[in-house]
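Printed here is target_13.pdb (PDB, C-alpha atoms and all ligand atoms):
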```
ATOM      1  CA  MET E   1       0.000   0.000   0.000  1.00  0.00           C
ATOM      2  CA  SER E   2       1.254   3.486  -0.847  1.00  0.00           C
ATOM      3  CA  ILE E   3      -0.352   6.814  -0.025  1.00  0.00           C
ATOM      4  CA  HIS E   4      -2.487   6.889  -3.173  1.00  0.00           C
ATOM      5  CA  ILE E   5      -2.605   3.216  -4.253  1.00  0.00           C
ATOM      6  CA  SER E   6      -4.222   0.563  -2.050  1.00  0.00           C
ATOM      7  CA  ALA E   7      -2.884  -2.570  -3.835  1.00  0.00           C
ATOM      8  CA  LYS E   8      -0.806  -4.889  -1.688  1.00  0.00           C
ATOM      9  CA  LYS E   9       2.859  -5.267  -2.504  1.00  0.00           C
ATOM     10  CA  GLY E  10       3.138  -7.909  -5.234  1.00  0.00           C
ATOM     11  CA  GLU E  11      -0.308  -7.165  -6.665  1.00  0.00           C
ATOM     12  CA  ILE E  12       1.078  -4.849  -9.361  1.00  0.00           C
ATOM     13  CA  ALA E  13       3.112  -6.235 -12.279  1.00  0.00           C
ATOM     14  CA  LYS E  14       6.637  -5.125 -13.278  1.00  0.00           C
ATOM     15  CA  VAL E  15       5.138  -3.469 -16.360  1.00  0.00           C
ATOM     16  CA  VAL E  16       2.219  -1.041 -16.136  1.00  0.00           C
ATOM     17  CA  LEU E  17       0.151   0.493 -18.913  1.00  0.00           C
ATOM     18  CA  GLN E  18      -1.009   3.921 -17.827  1.00  0.00           C
ATOM     19  CA  PRO E  19      -3.907   5.721 -19.567  1.00  0.00           C
ATOM     20  CA  GLY E  20      -5.038   9.018 -18.079  1.00  0.00           C
ATOM     21  CA  ASP E  21      -8.617   7.939 -17.528  1.00  0.00           C
ATOM     22  CA  PRO E  22      -9.607   5.322 -14.908  1.00  0.00           C
ATOM     23  CA  LEU E  23     -12.523   4.155 -17.089  1.00  0.00           C
ATOM     24  CA  ARG E  24     -10.109   3.523 -19.916  1.00  0.00           C
ATOM     25  CA  ALA E  25      -8.014   1.397 -17.555  1.00  0.00           C
ATOM     26  CA  GLN E  26     -11.175  -0.543 -16.708  1.00  0.00           C
ATOM     27  CA  TYR E  27     -12.042  -0.942 -20.403  1.00  0.00           C
ATOM     28  CA  ILE E  28      -8.561  -2.305 -21.186  1.00  0.00           C
ATOM     29  CA  ALA E  29      -8.645  -4.694 -18.217  1.00  0.00           C
ATOM     30  CA  GLU E  30     -12.109  -6.000 -19.111  1.00  0.00           C
ATOM     31  CA  ASN E  31     -11.523  -6.334 -22.855  1.00  0.00           C
ATOM     32  CA  PHE E  32      -7.839  -7.158 -23.278  1.00  0.00           C
ATOM     33  CA  LEU E  33      -6.689  -8.965 -20.112  1.00  0.00           C
ATOM     34  CA  GLN E  34      -7.670 -12.377 -18.766  1.00  0.00           C
ATOM     35  CA  ASP E  35      -8.495 -12.885 -15.087  1.00  0.00           C
ATOM     36  CA  ALA E  36      -8.141  -9.154 -14.442  1.00  0.00           C
ATOM     37  CA  LYS E  37      -8.399  -8.247 -10.764  1.00  0.00           C
ATOM     38  CA  LEU E  38      -9.100  -4.748  -9.460  1.00  0.00           C
ATOM     39  CA  VAL E  39      -6.191  -4.151  -7.061  1.00  0.00           C
ATOM     40  CA  SER E  40      -6.730  -0.463  -6.209  1.00  0.00           C
ATOM     41  CA  LYS E  41      -9.612   1.972  -6.442  1.00  0.00           C
ATOM     42  CA  THR E  42      -8.417   4.740  -4.140  1.00  0.00           C
ATOM     43  CA  ARG E  43      -9.829   8.093  -5.348  1.00  0.00           C
ATOM     44  CA  GLY E  44     -11.485   6.240  -8.245  1.00  0.00           C
ATOM     45  CA  ILE E  45      -8.075   5.753  -9.877  1.00  0.00           C
ATOM     46  CA  PHE E  46      -8.458   2.092 -10.852  1.00  0.00           C
ATOM     47  CA  TYR E  47      -5.534  -0.328 -11.075  1.00  0.00           C
ATOM     48  CA  TYR E  48      -6.038  -3.821 -12.498  1.00  0.00           C
ATOM     49  CA  THR E  49      -3.639  -6.743 -12.813  1.00  0.00           C
ATOM     50  CA  GLY E  50      -4.293  -9.596 -15.220  1.00  0.00           C
ATOM     51  CA  LEU E  51      -2.834 -11.791 -17.915  1.00  0.00           C
ATOM     52  CA  TYR E  52      -2.035 -10.821 -21.470  1.00  0.00           C
ATOM     53  CA  LYS E  53      -1.079 -13.859 -23.573  1.00  0.00           C
ATOM     54  CA  GLY E  54      -0.082 -15.633 -20.358  1.00  0.00           C
ATOM     55  CA  LYS E  55       2.044 -12.847 -18.850  1.00  0.00           C
ATOM     56  CA  THR E  56       1.120 -10.639 -15.899  1.00  0.00           C
ATOM     57  CA  ILE E  57       0.579  -6.988 -16.767  1.00  0.00           C
ATOM     58  CA  SER E  58      -1.066  -4.149 -14.839  1.00  0.00           C
ATOM     59  CA  VAL E  59      -3.110  -1.278 -16.175  1.00  0.00           C
ATOM     60  CA  GLY E  60      -4.094   1.770 -14.160  1.00  0.00           C
ATOM     61  CA  ALA E  61      -4.762   5.453 -14.543  1.00  0.00           C
ATOM     62  CA  SER E  62      -2.401   8.405 -14.179  1.00  0.00           C
ATOM     63  CA  GLY E  63      -5.025  11.117 -13.946  1.00  0.00           C
ATOM     64  CA  MET E  64      -4.342  14.373 -15.798  1.00  0.00           C
ATOM     65  CA  GLY E  65      -1.280  16.615 -15.663  1.00  0.00           C
ATOM     66  CA  PHE E  66       2.181  16.396 -14.074  1.00  0.00           C
ATOM     67  CA  PRO E  67       1.092  16.497 -10.424  1.00  0.00           C
ATOM     68  CA  SER E  68      -1.161  13.486 -10.951  1.00  0.00           C
ATOM     69  CA  ILE E  69       1.091  11.331 -13.146  1.00  0.00           C
ATOM     70  CA  GLY E  70       3.987  12.429 -10.947  1.00  0.00           C
ATOM     71  CA  ILE E  71       2.334  10.914  -7.874  1.00  0.00           C
ATOM     72  CA  TYR E  72       1.155   7.643  -9.436  1.00  0.00           C
ATOM     73  CA  SER E  73       4.320   6.902 -11.394  1.00  0.00           C
ATOM     74  CA  TYR E  74       6.511   7.710  -8.377  1.00  0.00           C
ATOM     75  CA  GLU E  75       4.555   5.385  -6.097  1.00  0.00           C
ATOM     76  CA  LEU E  76       4.507   2.596  -8.711  1.00  0.00           C
ATOM     77  CA  PHE E  77       8.273   2.850  -9.253  1.00  0.00           C
ATOM     78  CA  THR E  78       9.272   3.207  -5.604  1.00  0.00           C
ATOM     79  CA  GLU E  79       6.663   1.237  -3.618  1.00  0.00           C
ATOM     80  CA  TYR E  80       5.658  -1.514  -6.062  1.00  0.00           C
ATOM     81  CA  ASP E  81       9.006  -2.213  -7.777  1.00  0.00           C
ATOM     82  CA  VAL E  82       7.498  -1.382 -11.160  1.00  0.00           C
ATOM     83  CA  GLU E  83      10.274  -1.360 -13.775  1.00  0.00           C
ATOM     84  CA  THR E  84       8.424   0.040 -16.796  1.00  0.00           C
ATOM     85  CA  ILE E  85       5.496   2.394 -17.334  1.00  0.00           C
ATOM     86  CA  ILE E  86       4.031   2.862 -20.804  1.00  0.00           C
ATOM     87  CA  ARG E  87       1.722   5.859 -20.881  1.00  0.00           C
ATOM     88  CA  ILE E  88      -1.058   5.596 -23.449  1.00  0.00           C
ATOM     89  CA  GLY E  89      -3.025   8.745 -24.097  1.00  0.00           C
ATOM     90  CA  THR E  90      -4.478  11.185 -26.534  1.00  0.00           C
ATOM     91  CA  CYS E  91      -3.031  14.422 -27.834  1.00  0.00           C
ATOM     92  CA  GLY E  92      -3.921  17.503 -29.817  1.00  0.00           C
ATOM     93  CA  ALA E  93      -2.008  18.086 -33.073  1.00  0.00           C
ATOM     94  CA  TYR E  94      -0.458  21.510 -33.667  1.00  0.00           C
ATOM     95  CA  THR E  95      -0.243  20.807 -37.389  1.00  0.00           C
ATOM     96  CA  THR E  96      -2.509  19.495 -40.127  1.00  0.00           C
ATOM     97  CA  ASP E  97       0.424  17.245 -41.131  1.00  0.00           C
ATOM     98  CA  LEU E  98      -1.027  14.950 -38.470  1.00  0.00           C
ATOM     99  CA  LYS E  99      -4.487  13.409 -38.800  1.00  0.00           C
ATOM    100  CA  VAL E 100      -6.952  12.227 -36.185  1.00  0.00           C
ATOM    101  CA  PHE E 101      -6.301   8.557 -35.300  1.00  0.00           C
ATOM    102  CA  ASP E 102      -2.541   8.899 -36.054  1.00  0.00           C
ATOM    103  CA  LEU E 103      -0.342   6.996 -33.599  1.00  0.00           C
ATOM    104  CA  LEU E 104       2.740   8.683 -32.136  1.00  0.00           C
ATOM    105  CA  ASN E 105       5.675   7.126 -30.299  1.00  0.00           C
ATOM    106  CA  VAL E 106       7.036  10.034 -28.267  1.00  0.00           C
ATOM    107  CA  GLU E 107      10.727  10.590 -29.011  1.00  0.00           C
ATOM    108  CA  ASN E 108      11.121  13.535 -26.610  1.00  0.00           C
ATOM    109  CA  ALA E 109       8.760  15.483 -24.365  1.00  0.00           C
ATOM    110  CA  ALA E 110       9.417  19.230 -24.107  1.00  0.00           C
ATOM    111  CA  SER E 111       7.874  21.385 -21.413  1.00  0.00           C
ATOM    112  CA  GLU E 112       7.914  24.835 -19.781  1.00  0.00           C
ATOM    113  CA  SER E 113       6.994  23.071 -16.544  1.00  0.00           C
ATOM    114  CA  THR E 114       9.223  23.396 -13.489  1.00  0.00           C
ATOM    115  CA  TYR E 115       8.221  19.873 -12.372  1.00  0.00           C
ATOM    116  CA  ALA E 116      11.524  18.154 -13.266  1.00  0.00           C
ATOM    117  CA  LYS E 117      13.608  21.010 -11.883  1.00  0.00           C
ATOM    118  CA  TYR E 118      11.909  21.312  -8.517  1.00  0.00           C
ATOM    119  CA  ALA E 119      11.326  17.578  -8.058  1.00  0.00           C
ATOM    120  CA  TRP E 120      14.741  16.255  -9.049  1.00  0.00           C
ATOM    121  CA  GLY E 121      17.040  19.116 -10.050  1.00  0.00           C
ATOM    122  CA  ILE E 122      16.689  18.139 -13.729  1.00  0.00           C
ATOM    123  CA  GLU E 123      17.195  21.461 -15.509  1.00  0.00           C
ATOM    124  CA  ASP E 124      16.398  20.249 -19.046  1.00  0.00           C
ATOM    125  CA  ASP E 125      13.240  21.455 -20.756  1.00  0.00           C
ATOM    126  CA  ILE E 126      13.174  18.342 -22.940  1.00  0.00           C
ATOM    127  CA  ILE E 127      13.380  14.737 -21.700  1.00  0.00           C
ATOM    128  CA  ALA E 128      13.522  11.502 -23.698  1.00  0.00           C
ATOM    129  CA  PRO E 129      11.719   8.250 -22.903  1.00  0.00           C
ATOM    130  CA  GLN E 130      13.842   6.173 -20.528  1.00  0.00           C
ATOM    131  CA  GLY E 131      15.420   2.761 -21.126  1.00  0.00           C
ATOM    132  CA  ASN E 132      14.885   0.844 -24.327  1.00  0.00           C
ATOM    133  CA  VAL E 133      11.071   0.935 -24.451  1.00  0.00           C
ATOM    134  CA  PHE E 134      10.894   3.589 -27.174  1.00  0.00           C
ATOM    135  CA  ASN E 135      12.905   1.327 -29.520  1.00  0.00           C
ATOM    136  CA  LEU E 136      10.903  -1.718 -28.489  1.00  0.00           C
ATOM    137  CA  ILE E 137       7.669   0.104 -29.362  1.00  0.00           C
ATOM    138  CA  ASN E 138       9.070   1.047 -32.787  1.00  0.00           C
ATOM    139  CA  GLU E 139      10.042  -2.575 -33.477  1.00  0.00           C
ATOM    140  CA  THR E 140       6.701  -3.876 -32.221  1.00  0.00           C
ATOM    141  CA  ALA E 141       4.766  -1.389 -34.355  1.00  0.00           C
ATOM    142  CA  GLU E 142       6.635  -2.638 -37.393  1.00  0.00           C
ATOM    143  CA  GLU E 143       5.825  -6.269 -36.548  1.00  0.00           C
ATOM    144  CA  LEU E 144       2.151  -5.355 -36.161  1.00  0.00           C
ATOM    145  CA  SER E 145       2.190  -3.319 -39.401  1.00  0.00           C
ATOM    146  CA  LEU E 146       1.158  -0.237 -37.421  1.00  0.00           C
ATOM    147  CA  LYS E 147       2.546   3.155 -38.231  1.00  0.00           C
ATOM    148  CA  ALA E 148       3.687   4.817 -34.999  1.00  0.00           C
ATOM    149  CA  LYS E 149       5.341   8.092 -35.910  1.00  0.00           C
ATOM    150  CA  ALA E 150       8.376   8.918 -33.761  1.00  0.00           C
ATOM    151  CA  THR E 151       8.031  12.569 -32.845  1.00  0.00           C
ATOM    152  CA  ASN E 152       8.724  15.234 -30.262  1.00  0.00           C
ATOM    153  CA  ILE E 153       5.698  16.417 -28.339  1.00  0.00           C
ATOM    154  CA  HIS E 154       4.890  19.313 -26.032  1.00  0.00           C
ATOM    155  CA  SER E 155       3.849  18.376 -22.505  1.00  0.00           C
ATOM    156  CA  SER E 156       1.840  21.327 -21.281  1.00  0.00           C
ATOM    157  CA  ASP E 157       0.507  22.405 -17.906  1.00  0.00           C
ATOM    158  CA  ILE E 158      -2.338  24.135 -19.668  1.00  0.00           C
ATOM    159  CA  PHE E 159      -5.314  22.782 -21.602  1.00  0.00           C
ATOM    160  CA  TYR E 160      -7.174  26.058 -22.226  1.00  0.00           C
ATOM    161  CA  ARG E 161      -4.975  28.977 -23.297  1.00  0.00           C
ATOM    162  CA  LYS E 162      -5.686  32.628 -24.039  1.00  0.00           C
ATOM    163  CA  ASP E 163      -3.021  32.806 -26.749  1.00  0.00           C
ATOM    164  CA  PRO E 164      -3.985  30.812 -29.871  1.00  0.00           C
ATOM    165  CA  ASP E 165      -0.397  30.751 -31.230  1.00  0.00           C
ATOM    166  CA  ILE E 166       1.702  27.600 -30.939  1.00  0.00           C
ATOM    167  CA  PRO E 167       3.714  27.944 -27.701  1.00  0.00           C
ATOM    168  CA  ALA E 168       7.385  28.903 -28.134  1.00  0.00           C
ATOM    169  CA  ILE E 169       8.701  25.675 -26.618  1.00  0.00           C
ATOM    170  CA  ALA E 170       6.763  23.621 -29.176  1.00  0.00           C
ATOM    171  CA  THR E 171       8.265  25.635 -32.025  1.00  0.00           C
ATOM    172  CA  LYS E 172      11.749  25.417 -30.471  1.00  0.00           C
ATOM    173  CA  TYR E 173      11.706  21.613 -30.408  1.00  0.00           C
ATOM    174  CA  ASN E 174       9.509  20.973 -33.454  1.00  0.00           C
ATOM    175  CA  CYS E 175       6.740  19.402 -31.358  1.00  0.00           C
ATOM    176  CA  MET E 176       3.906  18.250 -33.572  1.00  0.00           C
ATOM    177  CA  ALA E 177       1.382  17.646 -30.786  1.00  0.00           C
ATOM    178  CA  VAL E 178       0.490  18.475 -27.183  1.00  0.00           C
ATOM    179  CA  GLU E 179      -0.555  16.455 -24.145  1.00  0.00           C
ATOM    180  CA  MET E 180      -0.079  16.959 -20.418  1.00  0.00           C
ATOM    181  CA  GLU E 181       1.835  14.054 -18.814  1.00  0.00           C
ATOM    182  CA  ALA E 182       4.813  12.537 -20.691  1.00  0.00           C
ATOM    183  CA  PHE E 183       7.431  15.026 -19.412  1.00  0.00           C
ATOM    184  CA  GLY E 184       6.521  14.299 -15.793  1.00  0.00           C
ATOM    185  CA  LEU E 185       6.628  10.541 -16.333  1.00  0.00           C
ATOM    186  CA  PHE E 186       9.998  10.722 -18.101  1.00  0.00           C
ATOM    187  CA  ALA E 187      11.408  12.973 -15.359  1.00  0.00           C
ATOM    188  CA  ASN E 188      10.439  10.478 -12.640  1.00  0.00           C
ATOM    189  CA  ALA E 189      11.812   7.520 -14.605  1.00  0.00           C
ATOM    190  CA  LYS E 190      15.052   9.379 -15.316  1.00  0.00           C
ATOM    191  CA  HIS E 191      15.571  10.268 -11.674  1.00  0.00           C
ATOM    192  CA  LEU E 192      14.756   6.759 -10.460  1.00  0.00           C
ATOM    193  CA  GLY E 193      16.628   4.828 -13.196  1.00  0.00           C
ATOM    194  CA  LYS E 194      13.408   3.201 -14.438  1.00  0.00           C
ATOM    195  CA  ASN E 195      11.920   2.683 -17.906  1.00  0.00           C
ATOM    196  CA  ALA E 196       9.178   4.799 -19.450  1.00  0.00           C
ATOM    197  CA  ALA E 197       7.657   5.537 -22.833  1.00  0.00           C
ATOM    198  CA  THR E 198       4.535   7.227 -24.178  1.00  0.00           C
ATOM    199  CA  ILE E 199       2.292   6.243 -27.069  1.00  0.00           C
ATOM    200  CA  LEU E 200      -0.344   8.758 -28.146  1.00  0.00           C
ATOM    201  CA  THR E 201      -3.338   8.777 -30.471  1.00  0.00           C
ATOM    202  CA  VAL E 202      -4.141  12.111 -32.103  1.00  0.00           C
ATOM    203  CA  SER E 203      -7.631  12.950 -30.860  1.00  0.00           C
ATOM    204  CA  ASP E 204      -7.905  16.511 -32.144  1.00  0.00           C
ATOM    205  CA  ILE E 205      -6.353  18.827 -34.711  1.00  0.00           C
ATOM    206  CA  ILE E 206      -5.977  22.179 -32.992  1.00  0.00           C
ATOM    207  CA  PRO E 207      -5.865  24.487 -36.084  1.00  0.00           C
ATOM    208  CA  THR E 208      -9.033  22.987 -37.640  1.00  0.00           C
ATOM    209  CA  HIS E 209     -10.902  21.936 -34.446  1.00  0.00           C
ATOM    210  CA  GLU E 210     -11.474  18.500 -35.988  1.00  0.00           C
ATOM    211  CA  ASN E 211     -11.716  15.799 -33.352  1.00  0.00           C
ATOM    212  CA  ILE E 212     -12.540  12.170 -32.709  1.00  0.00           C
ATOM    213  CA  SER E 213     -16.126  11.951 -31.533  1.00  0.00           C
ATOM    214  CA  ALA E 214     -16.907  10.301 -28.213  1.00  0.00           C
ATOM    215  CA  ASP E 215     -18.379   7.204 -29.890  1.00  0.00           C
ATOM    216  CA  GLN E 216     -15.316   6.817 -32.151  1.00  0.00           C
ATOM    217  CA  ARG E 217     -12.908   6.906 -29.251  1.00  0.00           C
ATOM    218  CA  GLU E 218     -13.112   3.289 -28.199  1.00  0.00           C
ATOM    219  CA  LYS E 219     -12.359   1.965 -31.676  1.00  0.00           C
ATOM    220  CA  ALA E 220      -9.758   4.685 -32.244  1.00  0.00           C
ATOM    221  CA  LEU E 221      -7.720   3.628 -29.245  1.00  0.00           C
ATOM    222  CA  LYS E 222      -7.547  -0.089 -30.097  1.00  0.00           C
ATOM    223  CA  PRO E 223      -4.314   0.022 -32.169  1.00  0.00           C
ATOM    224  CA  MET E 224      -2.584   2.000 -29.384  1.00  0.00           C
ATOM    225  CA  ILE E 225      -3.742  -0.457 -26.727  1.00  0.00           C
ATOM    226  CA  GLU E 226      -2.564  -3.441 -28.776  1.00  0.00           C
ATOM    227  CA  LEU E 227       0.796  -1.810 -29.491  1.00  0.00           C
ATOM    228  CA  ALA E 228       1.276  -1.052 -25.790  1.00  0.00           C
ATOM    229  CA  LEU E 229       0.242  -4.557 -24.688  1.00  0.00           C
ATOM    230  CA  GLU E 230       2.406  -6.329 -27.270  1.00  0.00           C
ATOM    231  CA  SER E 231       5.373  -4.139 -26.266  1.00  0.00           C
ATOM    232  CA  ALA E 232       4.712  -4.717 -22.557  1.00  0.00           C
ATOM    233  CA  TRP E 233       4.459  -8.479 -23.145  1.00  0.00           C
ATOM    234  CA  LYS E 234       8.069  -8.529 -24.348  1.00  0.00           C
ATOM    235  CA  LEU E 235       9.221  -6.835 -21.130  1.00  0.00           C
ATOM    236  CA  VAL E 236       7.707  -9.346 -18.699  1.00  0.00           C
TER     237      VAL E 236
HETATM  238  N1  LIG P   1      -4.102  19.840 -25.237  1.00  0.00           N
HETATM  239  C1  LIG P   1      -3.562  19.163 -24.223  1.00  0.00           C
HETATM  240  N2  LIG P   1      -3.756  17.880 -24.027  1.00  0.00           N
HETATM  241  C2  LIG P   1      -4.537  17.218 -24.902  1.00  0.00           C
HETATM  242  C3  LIG P   1      -5.123  17.875 -25.977  1.00  0.00           C
HETATM  243  C4  LIG P   1      -4.879  19.252 -26.151  1.00  0.00           C
HETATM  244  O1  LIG P   1      -5.371  19.894 -27.100  1.00  0.00           O
HETATM  245  N3  LIG P   1      -5.857  16.956 -26.647  1.00  0.00           N
HETATM  246  C5  LIG P   1      -5.717  15.781 -26.006  1.00  0.00           C
HETATM  247  N4  LIG P   1      -4.909  15.930 -24.935  1.00  0.00           N
END
```

Could you render the structure from this file as structure tokens?
Amino acid sequence: MSIHISAKKGEIAKVVLQPGDPLRAQYIAENFLQDAKLVSKTRGIFYYTGLYKGKTISVGASGMGFPSIGIYSYELFTEYDVETIIRIGTCGAYTTDLKVFDLLNVENAASESTYAKYAWGIEDDIIAPQGNVFNLINETAEELSLKAKATNIHSSDIFYRKDPDIPAIATKYNCMAVEMEAFGLFANAKHLGKNAATILTVSDIIPTHENISADQREKALKPMIELALESAWKLV
């Protein structure tokens, strides 16, 4: 048991898939894992552990933003001996070069956030995925004939902004899309010597306001879930 996760030690697998949304974690557990057991529901942030093709994998939510993913990933890494977290989420595209439903394998996460600096003294404003998971995801995507574009993304503290222009940090690092968690996850993994990666599905195109409708979301996320599970399977 940790402060925010009520699972017993040993009830969480070495590899965790981490969507933002607890209901998405539940959906993955119920539709993709066998014998899935709910091991934590503190604050409605569900964690499940079950079998994928015979190997034990956990799936649980991060919540939204750096404070939330910072807490859950830290407790998973330090209190449950988790070795690898693969975040799976959605993102907004800054450019019409990306299309809704596109899959991204995050190559670097850039952020104006002070999270990494004040948590761990990491001064960088751009952090890569940790360990070999990024490469493993690329290889696995190829095996599955899925196109997962390797790209830099902007991890933002802000969802609604006054200024409609693309933020300077996104331009500086050629970030094609924005989400709100990868930088915090990578910072924790870097500090703790753990493994982390992020796979994203483009859910909206910011310049055109096109987006995936609520009823398309489930189907839209299936390739990302399969890519994450197949990659996780190789790590167990
Ligand atoms: N901004 C930040 N995070 C997001 C977005 C966005 O437009 N879309 C999906 N996650």

Nearby residues, (17.4, 5.5, -21.6) file frame, 8 Å, all atoms listed in the file, as a list in words: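 Neighbouring residues, ordered by chain and number, come to Ala128, Pro129, Gln130, Gly131, Asn132, Lys190 and Asn195 of chain E.
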
Given all atoms listed in the file as the counted atoms, nearest of E:Gly44, E:Gly92, E:Gly54, E:Gly60 to ligand LIG 1 (chain P): E:Gly92

Within-9 Å residues of ligand LIG 1 (chain P), basis all atoms listed in the file, as a list in words: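 If we count all atoms listed in the file, the neighbours of ligand LIG 1 (chain P) turn out to be Met64, Gly65, Gly89, Thr90, Cys91, Gly92, Ala93, Tyr94, His154, Ser155, Ser156, Asp157, Ile158, Phe159, Tyr160, Ala177, Val178, Glu179, Met180, Glu181, Thr201, Val202, Ser203, Asp204, Ile205, Ile206 and Asn211 of chain E.
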
Residue nearest E:Ala182 - candidates E:Asp102, E:Glu30, E:Asp165, E:Glu107, atoms counted: only C-alpha atoms: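 Nearest to E:Ala182: E:Glu107.
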
Explicit residue set for the PyMOL selection byres (((chain E and resi 133-140) around 10) and not hetatm), as a PyMOL selection string: chain E and resi 84-86+104-108+128-132+141-150+195-199+226-232+234-235

Distance criterion (all atoms listed in the file): nearest to E:Ser68 out of E:Val82, E:Ala13, E:Ile45, E:Met176: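 Closest candidate: E:Ile45.
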
Spatial sel., origin (-5.2, 7.9, 0.4), limit 7 Å, all atoms listed in the file, listed as a ChimeraX atom specification: /E:3-4,42

For the residues selected in the previous step, produce a file with C-alpha atoms as a PDB file, keeping the file's coordinate frame.
```
ATOM      1  CA  ILE E   3      -0.352   6.814  -0.025  1.00  0.00           C
ATOM      2  CA  HIS E   4      -2.487   6.889  -3.173  1.00  0.00           C
ATOM      3  CA  THR E  42      -8.417   4.740  -4.140  1.00  0.00           C
TER       4      THR E  42
END
```

Residue nearest E:Ala29 - candidates E:Ala116, E:Phe46, E:Val59, E:Lys8, atoms counted: only C-alpha atoms: E:Val59

Distance in Å - atom CA of E:Tyr48 versus atom CA of E:Ala36: 6.1 Å

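Distance check against E:Leu221 using only C-alpha atoms: of E:Tyr74, E:Phe101, E:Phe66, E:Phe32, the minimum falls on E:Phe101.
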
Just say which residues the PyMOL selection byres (((chain E and resi 58) around 8) and not hetatm) picks in this file, as a CSV table (one decimal) with C-alpha atoms, in the coordinates of the input.
```csv
chain,number,residue,atom,x,y,z
E,12,ILE,CA,1.1,-4.8,-9.4
E,13,ALA,CA,3.1,-6.2,-12.3
E,14,LYS,CA,6.6,-5.1,-13.3
E,15,VAL,CA,5.1,-3.5,-16.4
E,16,VAL,CA,2.2,-1.0,-16.1
E,17,LEU,CA,0.2,0.5,-18.9
E,47,TYR,CA,-5.5,-0.3,-11.1
E,48,TYR,CA,-6.0,-3.8,-12.5
E,49,THR,CA,-3.6,-6.7,-12.8
E,50,GLY,CA,-4.3,-9.6,-15.2
E,56,THR,CA,1.1,-10.6,-15.9
E,57,ILE,CA,0.6,-7.0,-16.8
E,59,VAL,CA,-3.1,-1.3,-16.2
E,60,GLY,CA,-4.1,1.8,-14.2
```

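A straight line drawn from atom CA of E:Gln34 to atom CA of E:Ile88 is 19.7 Å long.
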